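Note: the block below is protein13.cif and it holds mmCIF, C-alpha atoms.
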```
data_run
loop_
_atom_site.group_PDB
_atom_site.id
_atom_site.type_symbol
_atom_site.label_atom_id
_atom_site.label_comp_id
_atom_site.auth_asym_id
_atom_site.auth_seq_id
_atom_site.Cartn_x
_atom_site.Cartn_y
_atom_site.Cartn_z
ATOM 1 C CA MET A 1208 20.679 -17.791 16.730
ATOM 2 C CA TYR A 1209 18.873 -15.473 19.130
ATOM 3 C CA LYS A 1210 15.715 -17.610 19.399
ATOM 4 C CA GLU A 1211 17.000 -19.757 22.258
ATOM 5 C CA PHE A 1212 18.264 -16.708 24.120
ATOM 6 C CA PHE A 1213 14.810 -15.085 24.069
ATOM 7 C CA GLY A 1214 12.786 -18.321 24.318
ATOM 8 C CA LEU A 1215 11.349 -18.192 20.792
ATOM 9 C CA LYS A 1216 10.381 -21.078 18.512
ATOM 10 C CA GLU A 1217 10.713 -19.115 15.286
ATOM 11 C CA SER A 1218 11.761 -15.709 14.025
ATOM 12 C CA PRO A 1219 8.905 -13.304 14.815
ATOM 13 C CA PHE A 1220 9.899 -10.396 12.585
ATOM 14 C CA ASN A 1221 10.504 -11.895 9.163
ATOM 15 C CA VAL A 1222 9.539 -9.460 6.419
ATOM 16 C CA ASN A 1223 7.664 -12.163 4.484
ATOM 17 C CA PRO A 1224 3.900 -11.407 4.325
ATOM 18 C CA ASP A 1225 2.921 -14.408 6.477
ATOM 19 C CA PRO A 1226 -0.856 -14.181 7.122
ATOM 20 C CA ARG A 1227 -0.409 -15.943 10.493
ATOM 21 C CA TYR A 1228 1.284 -12.792 11.730
ATOM 22 C CA LEU A 1229 -1.381 -10.371 10.537
ATOM 23 C CA TYR A 1230 -2.039 -7.983 13.430
ATOM 24 C CA LEU A 1231 -5.632 -6.824 13.295
ATOM 25 C CA THR A 1232 -5.812 -3.182 14.251
ATOM 26 C CA ARG A 1233 -9.198 -1.489 13.983
ATOM 27 C CA GLN A 1234 -8.232 -0.126 10.568
ATOM 28 C CA THR A 1235 -6.987 -3.523 9.366
ATOM 29 C CA GLN A 1236 -10.164 -5.220 10.589
ATOM 30 C CA GLU A 1237 -12.241 -2.669 8.691
ATOM 31 C CA ALA A 1238 -10.174 -3.196 5.534
ATOM 32 C CA PHE A 1239 -10.498 -6.978 5.748
ATOM 33 C CA ALA A 1240 -14.233 -6.719 6.434
ATOM 34 C CA CYS A 1241 -14.564 -4.459 3.383
ATOM 35 C CA LEU A 1242 -12.793 -7.015 1.184
ATOM 36 C CA THR A 1243 -14.799 -9.999 2.408
ATOM 37 C CA TYR A 1244 -18.114 -8.131 2.275
ATOM 38 C CA GLY A 1245 -17.429 -6.943 -1.267
ATOM 39 C CA ILE A 1246 -16.673 -10.478 -2.447
ATOM 40 C CA GLN A 1247 -19.636 -12.057 -0.666
ATOM 41 C CA SER A 1248 -21.991 -9.360 -1.968
ATOM 42 C CA LYS A 1249 -20.545 -9.551 -5.499
ATOM 43 C CA LYS A 1250 -19.855 -5.823 -5.658
ATOM 44 C CA GLY A 1251 -17.508 -6.132 -8.638
ATOM 45 C CA PHE A 1252 -14.640 -3.712 -7.982
ATOM 46 C CA ILE A 1253 -12.935 -3.268 -4.589
ATOM 47 C CA LEU A 1254 -9.987 -0.926 -3.965
ATOM 48 C CA LEU A 1255 -7.344 -1.401 -1.244
ATOM 49 C CA THR A 1256 -4.686 1.289 -0.854
ATOM 50 C CA GLY A 1257 -1.990 2.071 1.686
ATOM 51 C CA GLU A 1258 1.490 3.433 2.072
ATOM 52 C CA VAL A 1259 4.508 1.221 1.358
ATOM 53 C CA GLY A 1260 5.028 -1.385 4.084
ATOM 54 C CA THR A 1261 1.676 -0.983 5.854
ATOM 55 C CA GLY A 1262 0.623 -4.618 5.346
ATOM 56 C CA LYS A 1263 -1.414 -4.694 2.127
ATOM 57 C CA THR A 1264 0.169 -7.895 0.810
ATOM 58 C CA THR A 1265 -0.156 -9.618 4.190
ATOM 59 C CA LEU A 1266 -3.834 -8.664 4.196
ATOM 60 C CA LEU A 1267 -4.237 -10.073 0.682
ATOM 61 C CA ASN A 1268 -2.593 -13.328 1.774
ATOM 62 C CA ARG A 1269 -5.086 -13.561 4.650
ATOM 63 C CA LEU A 1270 -7.838 -12.983 2.089
ATOM 64 C CA LEU A 1271 -6.449 -15.820 -0.049
ATOM 65 C CA ASP A 1272 -6.544 -18.085 3.021
ATOM 66 C CA TRP A 1273 -10.186 -17.097 3.634
ATOM 67 C CA LEU A 1274 -11.466 -17.602 0.088
ATOM 68 C CA PRO A 1275 -11.535 -21.444 0.142
ATOM 69 C CA SER A 1276 -14.061 -21.287 2.994
ATOM 70 C CA GLN A 1277 -16.344 -19.491 0.520
ATOM 71 C CA ARG A 1278 -15.700 -22.109 -2.188
ATOM 72 C CA ALA A 1279 -14.156 -19.274 -4.181
ATOM 73 C CA GLN A 1280 -11.694 -19.591 -7.050
ATOM 74 C CA ALA A 1281 -8.885 -17.016 -7.000
ATOM 75 C CA ALA A 1282 -6.250 -15.677 -9.372
ATOM 76 C CA PHE A 1283 -3.496 -13.579 -7.789
ATOM 77 C CA ILE A 1284 -1.396 -11.292 -9.988
ATOM 78 C CA PHE A 1285 1.583 -10.049 -7.980
ATOM 79 C CA ASN A 1286 3.616 -8.569 -10.863
ATOM 80 C CA PRO A 1287 1.391 -6.113 -12.744
ATOM 81 C CA ARG A 1288 3.975 -4.991 -15.312
ATOM 82 C CA LEU A 1289 2.212 -7.020 -17.981
ATOM 83 C CA SER A 1290 0.685 -6.387 -21.370
ATOM 84 C CA VAL A 1291 -3.010 -7.090 -21.913
ATOM 85 C CA THR A 1292 -2.217 -10.465 -23.515
ATOM 86 C CA GLN A 1293 0.154 -11.422 -20.685
ATOM 87 C CA MET A 1294 -2.369 -10.355 -18.042
ATOM 88 C CA LEU A 1295 -5.133 -12.469 -19.594
ATOM 89 C CA ASP A 1296 -2.783 -15.437 -19.982
ATOM 90 C CA PHE A 1297 -1.617 -15.142 -16.354
ATOM 91 C CA MET A 1298 -5.207 -14.899 -15.100
ATOM 92 C CA MET A 1299 -6.419 -17.897 -17.127
ATOM 93 C CA THR A 1300 -3.462 -19.990 -15.952
ATOM 94 C CA ASP A 1301 -3.956 -19.061 -12.283
ATOM 95 C CA PHE A 1302 -7.669 -19.829 -12.499
ATOM 96 C CA GLY A 1303 -6.761 -23.138 -14.119
ATOM 97 C CA ILE A 1304 -8.865 -22.486 -17.212
ATOM 98 C CA PRO A 1305 -7.675 -24.434 -20.284
ATOM 99 C CA CYS A 1306 -7.902 -22.558 -23.569
ATOM 100 C CA GLU A 1307 -6.350 -23.897 -26.762
ATOM 101 C CA SER A 1308 -6.596 -20.626 -28.668
ATOM 102 C CA LYS A 1309 -4.527 -17.534 -27.817
ATOM 103 C CA LEU A 1310 -6.902 -15.227 -29.674
ATOM 104 C CA LYS A 1311 -8.301 -12.615 -27.314
ATOM 105 C CA SER A 1312 -11.869 -13.211 -28.477
ATOM 106 C CA GLN A 1313 -11.593 -16.946 -27.793
ATOM 107 C CA VAL A 1314 -9.932 -16.379 -24.408
ATOM 108 C CA LEU A 1315 -12.753 -14.063 -23.307
ATOM 109 C CA LEU A 1316 -15.414 -16.492 -24.551
ATOM 110 C CA ARG A 1317 -13.790 -19.332 -22.607
ATOM 111 C CA LEU A 1318 -13.482 -17.127 -19.510
ATOM 112 C CA ASN A 1319 -17.144 -16.139 -19.705
ATOM 113 C CA GLN A 1320 -18.184 -19.779 -20.061
ATOM 114 C CA TRP A 1321 -16.056 -20.764 -17.057
ATOM 115 C CA LEU A 1322 -17.443 -17.899 -14.940
ATOM 116 C CA LEU A 1323 -21.013 -18.947 -15.754
ATOM 117 C CA GLU A 1324 -20.163 -22.499 -14.662
ATOM 118 C CA ARG A 1325 -18.729 -21.194 -11.387
ATOM 119 C CA TYR A 1326 -21.805 -18.993 -10.902
ATOM 120 C CA LYS A 1327 -24.172 -21.960 -11.322
ATOM 121 C CA ALA A 1328 -22.039 -24.011 -8.901
ATOM 122 C CA GLY A 1329 -22.114 -21.214 -6.291
ATOM 123 C CA GLU A 1330 -18.346 -20.715 -6.494
ATOM 124 C CA PRO A 1331 -17.295 -17.042 -6.674
ATOM 125 C CA ALA A 1332 -14.354 -16.085 -8.886
ATOM 126 C CA VAL A 1333 -11.960 -13.430 -7.555
ATOM 127 C CA LEU A 1334 -9.150 -11.669 -9.401
ATOM 128 C CA ILE A 1335 -6.652 -10.027 -7.018
ATOM 129 C CA ILE A 1336 -3.984 -7.657 -8.343
ATOM 130 C CA ASP A 1337 -1.236 -6.405 -6.031
ATOM 131 C CA GLU A 1338 0.967 -3.366 -6.789
ATOM 132 C CA ALA A 1339 -1.817 -2.187 -9.093
ATOM 133 C CA GLN A 1340 -0.357 1.332 -9.258
ATOM 134 C CA ASN A 1341 2.048 -0.119 -11.856
ATOM 135 C CA LEU A 1342 -0.707 -1.243 -14.235
ATOM 136 C CA SER A 1343 -0.746 0.551 -17.571
ATOM 137 C CA HIS A 1344 -3.835 2.488 -18.636
ATOM 138 C CA GLN A 1345 -4.449 -0.082 -21.366
ATOM 139 C CA VAL A 1346 -4.453 -2.987 -18.888
ATOM 140 C CA LEU A 1347 -6.635 -1.056 -16.431
ATOM 141 C CA GLU A 1348 -9.151 -0.450 -19.198
ATOM 142 C CA GLU A 1349 -9.124 -4.158 -20.069
ATOM 143 C CA ILE A 1350 -9.724 -5.019 -16.410
ATOM 144 C CA ARG A 1351 -12.682 -2.622 -16.372
ATOM 145 C CA LEU A 1352 -14.159 -4.416 -19.377
ATOM 146 C CA LEU A 1353 -13.906 -7.723 -17.516
ATOM 147 C CA THR A 1354 -16.651 -6.461 -15.183
ATOM 148 C CA ASN A 1355 -18.993 -6.571 -18.170
ATOM 149 C CA LEU A 1356 -18.979 -10.345 -17.690
ATOM 150 C CA GLU A 1357 -22.188 -10.504 -15.662
ATOM 151 C CA THR A 1358 -25.682 -11.860 -15.357
ATOM 152 C CA SER A 1359 -28.706 -9.576 -15.299
ATOM 153 C CA THR A 1360 -28.325 -9.242 -11.515
ATOM 154 C CA GLU A 1361 -24.719 -10.014 -10.484
ATOM 155 C CA LYS A 1362 -21.105 -9.580 -11.507
ATOM 156 C CA LEU A 1363 -19.489 -12.888 -12.448
ATOM 157 C CA LEU A 1364 -15.958 -11.736 -11.562
ATOM 158 C CA GLN A 1365 -14.951 -9.932 -8.381
ATOM 159 C CA ILE A 1366 -11.832 -7.768 -8.745
ATOM 160 C CA VAL A 1367 -9.589 -6.494 -5.947
ATOM 161 C CA LEU A 1368 -7.096 -3.781 -6.883
ATOM 162 C CA ALA A 1369 -4.430 -3.206 -4.216
ATOM 163 C CA GLY A 1370 -1.707 -0.598 -4.413
ATOM 164 C CA GLN A 1371 0.110 2.397 -3.036
ATOM 165 C CA PRO A 1372 -1.503 5.870 -2.820
ATOM 166 C CA GLU A 1373 -0.259 6.503 -6.364
ATOM 167 C CA LEU A 1374 -3.022 4.144 -7.505
ATOM 168 C CA GLU A 1375 -5.671 6.592 -6.308
ATOM 169 C CA VAL A 1376 -3.880 9.399 -8.145
ATOM 170 C CA LYS A 1377 -3.835 7.322 -11.335
ATOM 171 C CA LEU A 1378 -7.524 6.428 -11.034
ATOM 172 C CA ALA A 1379 -8.372 10.124 -10.644
ATOM 173 C CA GLN A 1380 -7.196 10.805 -14.201
ATOM 174 C CA PRO A 1381 -10.022 11.707 -16.619
ATOM 175 C CA GLN A 1382 -9.274 8.840 -19.029
ATOM 176 C CA LEU A 1383 -9.920 6.325 -16.222
ATOM 177 C CA ARG A 1384 -13.176 7.852 -14.976
ATOM 178 C CA GLN A 1385 -15.244 4.879 -16.191
ATOM 179 C CA LEU A 1386 -13.138 2.524 -14.090
ATOM 180 C CA ARG A 1387 -13.226 4.878 -11.118
ATOM 181 C CA GLN A 1388 -17.029 5.007 -11.244
ATOM 182 C CA ARG A 1389 -17.227 1.203 -11.040
ATOM 183 C CA ILE A 1390 -15.282 0.968 -7.773
ATOM 184 C CA THR A 1391 -17.994 0.276 -5.217
ATOM 185 C CA LEU A 1392 -15.887 -0.245 -2.074
ATOM 186 C CA ARG A 1393 -12.664 1.397 -0.862
ATOM 187 C CA SER A 1394 -10.433 0.469 2.067
ATOM 188 C CA LYS A 1395 -7.052 1.579 3.424
ATOM 189 C CA THR A 1396 -4.159 0.358 5.526
ATOM 190 C CA LEU A 1397 -2.560 2.958 7.817
ATOM 191 C CA PRO A 1398 0.632 3.253 9.895
ATOM 192 C CA LEU A 1399 0.453 1.949 13.462
ATOM 193 C CA THR A 1400 -0.063 4.185 16.464
ATOM 194 C CA LEU A 1401 2.282 3.838 19.452
ATOM 195 C CA GLU A 1402 -0.247 1.636 21.244
ATOM 196 C CA GLU A 1403 -0.707 -0.488 18.120
ATOM 197 C CA THR A 1404 3.060 -0.789 17.668
ATOM 198 C CA ALA A 1405 3.348 -2.212 21.191
ATOM 199 C CA GLY A 1406 0.500 -4.646 20.488
ATOM 200 C CA TYR A 1407 2.012 -5.564 17.129
ATOM 201 C CA ILE A 1408 5.400 -6.405 18.671
ATOM 202 C CA HIS A 1409 3.916 -8.405 21.563
ATOM 203 C CA GLU A 1410 1.560 -10.337 19.271
ATOM 204 C CA ARG A 1411 4.303 -11.354 16.866
ATOM 205 C CA LEU A 1412 6.484 -12.450 19.776
ATOM 206 C CA ARG A 1413 3.576 -14.479 21.188
ATOM 207 C CA ILE A 1414 2.932 -16.230 17.856
ATOM 208 C CA ALA A 1415 6.652 -17.022 17.659
ATOM 209 C CA GLY A 1416 6.429 -18.817 21.019
ATOM 210 C CA ALA A 1417 7.508 -16.153 23.518
ATOM 211 C CA THR A 1418 6.312 -16.559 27.105
ATOM 212 C CA ASP A 1419 8.026 -13.401 28.361
ATOM 213 C CA ASN A 1420 6.127 -10.162 27.677
ATOM 214 C CA ASN A 1421 9.193 -8.038 28.474
ATOM 215 C CA ILE A 1422 11.548 -8.973 25.638
ATOM 216 C CA PHE A 1423 11.469 -5.314 24.542
ATOM 217 C CA SER A 1424 11.608 -2.595 27.181
ATOM 218 C CA PRO A 1425 8.877 0.090 26.995
ATOM 219 C CA GLU A 1426 11.529 2.630 26.001
ATOM 220 C CA ALA A 1427 12.704 0.342 23.177
ATOM 221 C CA ILE A 1428 9.140 0.018 21.871
ATOM 222 C CA GLN A 1429 8.746 3.799 21.898
ATOM 223 C CA ALA A 1430 11.999 4.100 19.941
ATOM 224 C CA VAL A 1431 10.815 1.506 17.407
ATOM 225 C CA HIS A 1432 7.568 3.403 16.844
ATOM 226 C CA ARG A 1433 9.335 6.748 16.534
ATOM 227 C CA LEU A 1434 11.984 5.510 14.123
ATOM 228 C CA ALA A 1435 9.694 3.243 12.051
ATOM 229 C CA ARG A 1436 6.959 5.900 11.973
ATOM 230 C CA GLY A 1437 4.379 3.162 12.467
ATOM 231 C CA ILE A 1438 5.293 1.282 9.267
ATOM 232 C CA PRO A 1439 5.084 -2.481 10.023
ATOM 233 C CA ARG A 1440 7.775 -3.463 7.517
ATOM 234 C CA VAL A 1441 10.295 -1.047 9.063
ATOM 235 C CA THR A 1442 9.155 -2.147 12.538
ATOM 236 C CA ASN A 1443 10.054 -5.734 11.594
ATOM 237 C CA LEU A 1444 13.471 -4.634 10.379
ATOM 238 C CA LEU A 1445 14.264 -2.721 13.570
ATOM 239 C CA CYS A 1446 12.975 -5.445 15.885
ATOM 240 C CA GLU A 1447 14.723 -8.305 14.072
ATOM 241 C CA HIS A 1448 18.147 -6.674 14.174
ATOM 242 C CA SER A 1449 17.619 -5.346 17.686
ATOM 243 C CA LEU A 1450 17.065 -8.939 18.855
ATOM 244 C CA ILE A 1451 20.251 -10.022 17.066
ATOM 245 C CA ASN A 1452 22.320 -7.195 18.562
ATOM 246 C CA SER A 1453 20.884 -7.787 22.037
ATOM 247 C CA PHE A 1454 21.787 -11.465 21.772
ATOM 248 C CA VAL A 1455 25.343 -10.589 20.747
ATOM 249 C CA GLU A 1456 25.611 -8.173 23.681
ATOM 250 C CA GLN A 1457 23.739 -10.609 25.988
ATOM 251 C CA HIS A 1458 21.221 -7.923 27.002
ATOM 252 C CA LYS A 1459 17.675 -8.569 28.225
ATOM 253 C CA PRO A 1460 15.329 -6.871 27.613
ATOM 254 C CA VAL A 1461 16.114 -5.092 24.353
ATOM 255 C CA ARG A 1462 17.152 -1.532 25.207
ATOM 256 C CA ARG A 1463 16.321 1.775 23.535
ATOM 257 C CA GLU A 1464 20.003 2.322 22.762
ATOM 258 C CA THR A 1465 20.118 -0.954 20.821
ATOM 259 C CA VAL A 1466 17.128 0.066 18.672
ATOM 260 C CA GLU A 1467 18.698 3.447 17.954
ATOM 261 C CA GLU A 1468 21.985 1.782 17.038
ATOM 262 C CA VAL A 1469 20.186 -0.442 14.521
ATOM 263 C CA ALA A 1470 18.379 2.598 13.117
ATOM 264 C CA ARG A 1471 21.737 4.307 12.526
ATOM 265 C CA GLU A 1472 23.055 1.204 10.769
ATOM 266 C CA PHE A 1473 20.098 1.284 8.380
ATOM 267 C CA GLN A 1474 20.028 5.085 8.108
ATOM 268 C CA LEU A 1475 16.648 5.330 9.807
ATOM 269 C CA GLU A 1476 17.581 8.097 12.224
ATOM 270 C CA ASP A 1477 15.085 10.858 13.017
ATOM 271 C CA ARG A 1478 14.644 13.120 10.031
ATOM 272 C CA PRO A 1479 14.905 16.858 10.659
ATOM 273 C CA SER A 1480 11.720 18.887 10.470
ATOM 274 C CA ALA A 1481 10.952 21.066 7.464
ATOM 275 C CA GLY A 1482 11.949 24.161 9.460
ATOM 276 C CA ALA A 1483 15.249 22.605 10.456
ATOM 277 C CA GLN A 1484 15.958 21.635 6.846
ATOM 278 C CA THR A 1485 15.285 25.190 5.675
ATOM 279 C CA ALA A 1486 17.566 26.602 8.347
ATOM 280 C CA ALA A 1487 20.291 24.172 7.364
ATOM 281 C CA LEU A 1488 19.979 25.183 3.722
ATOM 282 C CA LYS A 1489 20.290 28.855 4.591
ATOM 283 C CA GLN A 1490 23.269 28.199 6.805
ATOM 284 C CA SER A 1491 25.047 26.246 4.059
ATOM 285 C CA GLY A 1492 24.289 28.907 1.480
ATOM 286 C CA GLU A 1493 22.399 26.479 -0.767
ATOM 287 C CA SER A 1494 19.272 28.650 -0.649
ATOM 288 C CA ALA A 1495 21.043 31.753 -2.066
ATOM 289 C CA PRO A 1496 20.255 31.029 -5.751
ATOM 290 C CA LEU A 1497 16.581 30.465 -4.898
ATOM 291 C CA VAL A 1498 16.370 33.739 -2.921
ATOM 292 C CA GLN A 1499 18.060 35.656 -5.729
ATOM 293 C CA SER A 1500 15.638 34.195 -8.258
ATOM 294 C CA LEU A 1501 12.627 35.148 -6.135
ATOM 295 C CA LEU A 1502 13.924 38.693 -5.663
ATOM 296 C CA GLN A 1503 14.523 39.070 -9.407
ATOM 297 C CA ASN A 1504 10.992 37.836 -10.190
ATOM 298 C CA LEU A 1505 9.574 40.318 -7.669
ATOM 299 C CA ALA A 1506 11.557 43.171 -9.222
ATOM 300 C CA ASN A 1507 10.287 42.260 -12.682
ATOM 301 C CA LEU A 1508 6.708 42.190 -11.420
ATOM 302 C CA ILE A 1509 7.050 45.659 -9.815
ATOM 303 C CA ASP A 1510 8.589 46.964 -13.023
ATOM 304 C CA ARG A 1511 5.692 45.634 -15.128
ATOM 305 C CA LEU A 1512 3.113 47.131 -12.751
ATOM 306 C CA GLY A 1513 4.853 50.507 -13.088
ATOM 307 C CA HIS A 1514 4.414 50.531 -16.872
ATOM 308 C CA GLN A 1515 0.711 50.475 -17.602
ATOM 309 C CA ASP A 1516 -0.686 50.303 -21.157
ATOM 310 C CA PRO A 1517 -0.919 53.912 -22.434
ATOM 311 C CA GLU A 1518 -4.160 53.116 -24.277
ATOM 312 C CA ILE A 1519 -5.929 52.436 -20.969
ATOM 313 C CA GLU A 1520 -7.029 55.587 -19.199
ATOM 314 C CA THR A 1521 -6.541 55.775 -15.476
ATOM 315 C CA PRO A 1522 -9.296 57.519 -13.396
ATOM 316 C CA THR A 1523 -7.227 60.740 -13.150
ATOM 317 C CA GLU A 1524 -6.833 60.899 -16.953
ATOM 318 C CA ARG A 1525 -10.531 60.707 -17.813
ATOM 319 C CA LYS A 1526 -11.961 63.862 -19.378
ATOM 320 C CA PRO A 1527 -15.200 65.326 -18.082
#
```

In structure tokens, write the structure found in this file.
Amino acid sequence: MYKEFFGLKESPFNVNPDPRYLYLTRQTQEAFACLTYGIQSKKGFILLTGEVGTGKTTLLNRLLDWLPSQRAQAAFIFNPRLSVTQMLDFMMTDFGIPCESKLKSQVLLRLNQWLLERYKAGEPAVLIIDEAQNLSHQVLEEIRLLTNLETSTEKLLQIVLAGQPELEVKLAQPQLRQLRQRITLRSKTLPLTLEETAGYIHERLRIAGATDNNIFSPEAIQAVHRLARGIPRVTNLLCEHSLINSFVEQHKPVRRETVEEVAREFQLEDRPSAGAQTAALKQSGESAPLVQSLLQNLANLIDRLGHQDPEIETPTERKP
């Protein structure tokens, strides 16, 4: 619809995690280097975390594109709400490992045999789990035990756990300390800076066939960064609909006002600061019950301090 108007061959801001559109910021390059190094060096466990929409899945898809160059076999679990049996079955199927028995002991024996064959053939095996913050403790423990499949010098299975910051919180729990201790490499994806947002937008437009570097005005790009807070997924949403609206209005380049209009449509307007929210609460009277509760607690504390235990002598009561 708008592609002809802006001279594009395809839609540049689809939310699908297309690895062709991966924009390599310094942080993203470091994360990708961490993943590839960990797999090549057979480190065992690698952790990738990042806030929602910061490009973890796109990075994993780029990793999946890279693995064949290493003659690596990969299994990709994208829905981690599985039982132990379901997780093992999914992994065996994705690896393409035939196993007639469904008994756990037989499945693990067949997996170990297959991994040894891959090891002798110089073909790494990589298990990648996205949205790993949703894994149960039982499944996480089973995944930890998979790293026991090893030779005397190397791990036979490389495991990448990718998830939101909640994954780090979960791994910090005492019952998962054995798993946490086995994570040898950690990497993160972060929101884009203003400069990176501009580069991100221009790069996606270039890949989509744009020859004009001024499809978005500088003011529009600043508005996108401010309203998306550097989150690539939200940046895509704002840019996609801003292009549509600009086409409808026959405006070139995309204007700041158009971006802000889209943000209002999707309820992405600037959020008030914490101070402004507190002031608003006071003004509306919603904070009154909280203030009353705090004052009552303070009064009770003063009252308790004023009634000391009579069996405890104060300095003025001590006899010579």

Distance table requested - stretch 1383-1498 of chain A against stretch 1222-1239 of chain A, cut-off 12 Å, all atoms listed in the file: one row per qualifying residue with the closest atom pair and its distance in Å to one decimal, ordered by chain and rising residue number, as a tab-separated table.
```
residue	atom	partner	partner_atom	distance
A:Leu1392	CA	A:Ala1238	CA	10.0
A:Arg1393	CA	A:Ala1238	CA	8.3
A:Ser1394	CA	A:Ala1238	CA	5.1
A:Lys1395	CA	A:Ala1238	CA	6.1
A:Thr1396	CA	A:Thr1235	CA	6.1
A:Leu1397	CA	A:Gln1234	CA	7.0
A:Pro1398	CA	A:Gln1234	CA	9.5
A:Leu1399	CA	A:Thr1232	CA	8.1
A:Thr1400	CA	A:Thr1232	CA	9.6
A:Leu1401	CA	A:Thr1232	CA	11.9
A:Glu1402	CA	A:Thr1232	CA	10.2
A:Glu1403	CA	A:Thr1232	CA	6.9
A:Thr1404	CA	A:Tyr1230	CA	9.8
A:Ala1405	CA	A:Tyr1230	CA	11.1
A:Gly1406	CA	A:Tyr1230	CA	8.2
A:Tyr1407	CA	A:Tyr1230	CA	6.0
A:Ile1408	CA	A:Tyr1230	CA	9.2
A:His1409	CA	A:Tyr1230	CA	10.1
A:Glu1410	CA	A:Tyr1230	CA	7.3
A:Arg1411	CA	A:Tyr1228	CA	6.1
A:Leu1412	CA	A:Tyr1228	CA	9.6
A:Arg1413	CA	A:Tyr1228	CA	9.9
A:Ile1414	CA	A:Tyr1228	CA	7.2
A:Ala1415	CA	A:Tyr1228	CA	9.0
A:Ile1438	CA	A:Val1222	CA	11.9
A:Pro1439	CA	A:Val1222	CA	9.0
A:Arg1440	CA	A:Val1222	CA	6.3
A:Val1441	CA	A:Val1222	CA	8.9
A:Thr1442	CA	A:Val1222	CA	9.5
A:Asn1443	CA	A:Val1222	CA	6.4
A:Leu1444	CA	A:Val1222	CA	7.4
A:Leu1445	CA	A:Val1222	CA	10.9
A:Cys1446	CA	A:Val1222	CA	10.8
A:Glu1447	CA	A:Val1222	CA	9.3
A:His1448	CA	A:Val1222	CA	11.9
```

Near-A:Thr1360 list (12 Å; all atoms listed in the file; drop same-chain fewer than 3 positions) as a list in words: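 Within the cut-off, the hits are Ser1248, Lys1249, Lys1250, Gly1251, Tyr1326, Asn1355, Leu1356, Glu1357 and Leu1363 of chain A.
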
Considering all atoms listed in the file, can you say which of A:Gln1388, A:Gln1313, A:Asn1268, A:Thr1465 comes closest to A:Ile1335? A:Asn1268

Running the PyMOL selection byres ((chain A and resi 1331) around 9) on this model by hand, what would come out? Give it as an mmCIF file with C-alpha atoms, in the coordinates of the input.
```cif
data_model
loop_
_atom_site.group_PDB
_atom_site.id
_atom_site.type_symbol
_atom_site.label_atom_id
_atom_site.label_comp_id
_atom_site.auth_asym_id
_atom_site.auth_seq_id
_atom_site.Cartn_x
_atom_site.Cartn_y
_atom_site.Cartn_z
ATOM 1 C CA ILE A 1246 -16.673 -10.478 -2.447
ATOM 2 C CA GLN A 1247 -19.636 -12.057 -0.666
ATOM 3 C CA LYS A 1249 -20.545 -9.551 -5.499
ATOM 4 C CA LEU A 1274 -11.466 -17.602 0.088
ATOM 5 C CA GLN A 1277 -16.344 -19.491 0.520
ATOM 6 C CA ARG A 1278 -15.700 -22.109 -2.188
ATOM 7 C CA ALA A 1279 -14.156 -19.274 -4.181
ATOM 8 C CA GLN A 1280 -11.694 -19.591 -7.050
ATOM 9 C CA ALA A 1281 -8.885 -17.016 -7.000
ATOM 10 C CA LEU A 1322 -17.443 -17.899 -14.940
ATOM 11 C CA ARG A 1325 -18.729 -21.194 -11.387
ATOM 12 C CA TYR A 1326 -21.805 -18.993 -10.902
ATOM 13 C CA ALA A 1328 -22.039 -24.011 -8.901
ATOM 14 C CA GLY A 1329 -22.114 -21.214 -6.291
ATOM 15 C CA GLU A 1330 -18.346 -20.715 -6.494
ATOM 16 C CA ALA A 1332 -14.354 -16.085 -8.886
ATOM 17 C CA VAL A 1333 -11.960 -13.430 -7.555
ATOM 18 C CA LEU A 1363 -19.489 -12.888 -12.448
ATOM 19 C CA LEU A 1364 -15.958 -11.736 -11.562
ATOM 20 C CA GLN A 1365 -14.951 -9.932 -8.381
#
```

One decimal, in Å: what's the spacing between atom CA of A:Gly1437 and atom CA of A:Gly1370?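 Computed distance, atom CA of A:Gly1437 to atom CA of A:Gly1370, equals 18.3 Å.
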
For the provided coordinates, the residues matched by the PyMOL selection byres ((chain A and resi 1422) around 7) should be stated as a list in words.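 That selection, the PyMOL selection byres ((chain A and resi 1422) around 7), comes back as Asp1419, Asn1420, Asn1421, Phe1423, Ser1424, Lys1459, Pro1460 and Val1461 of chain A.
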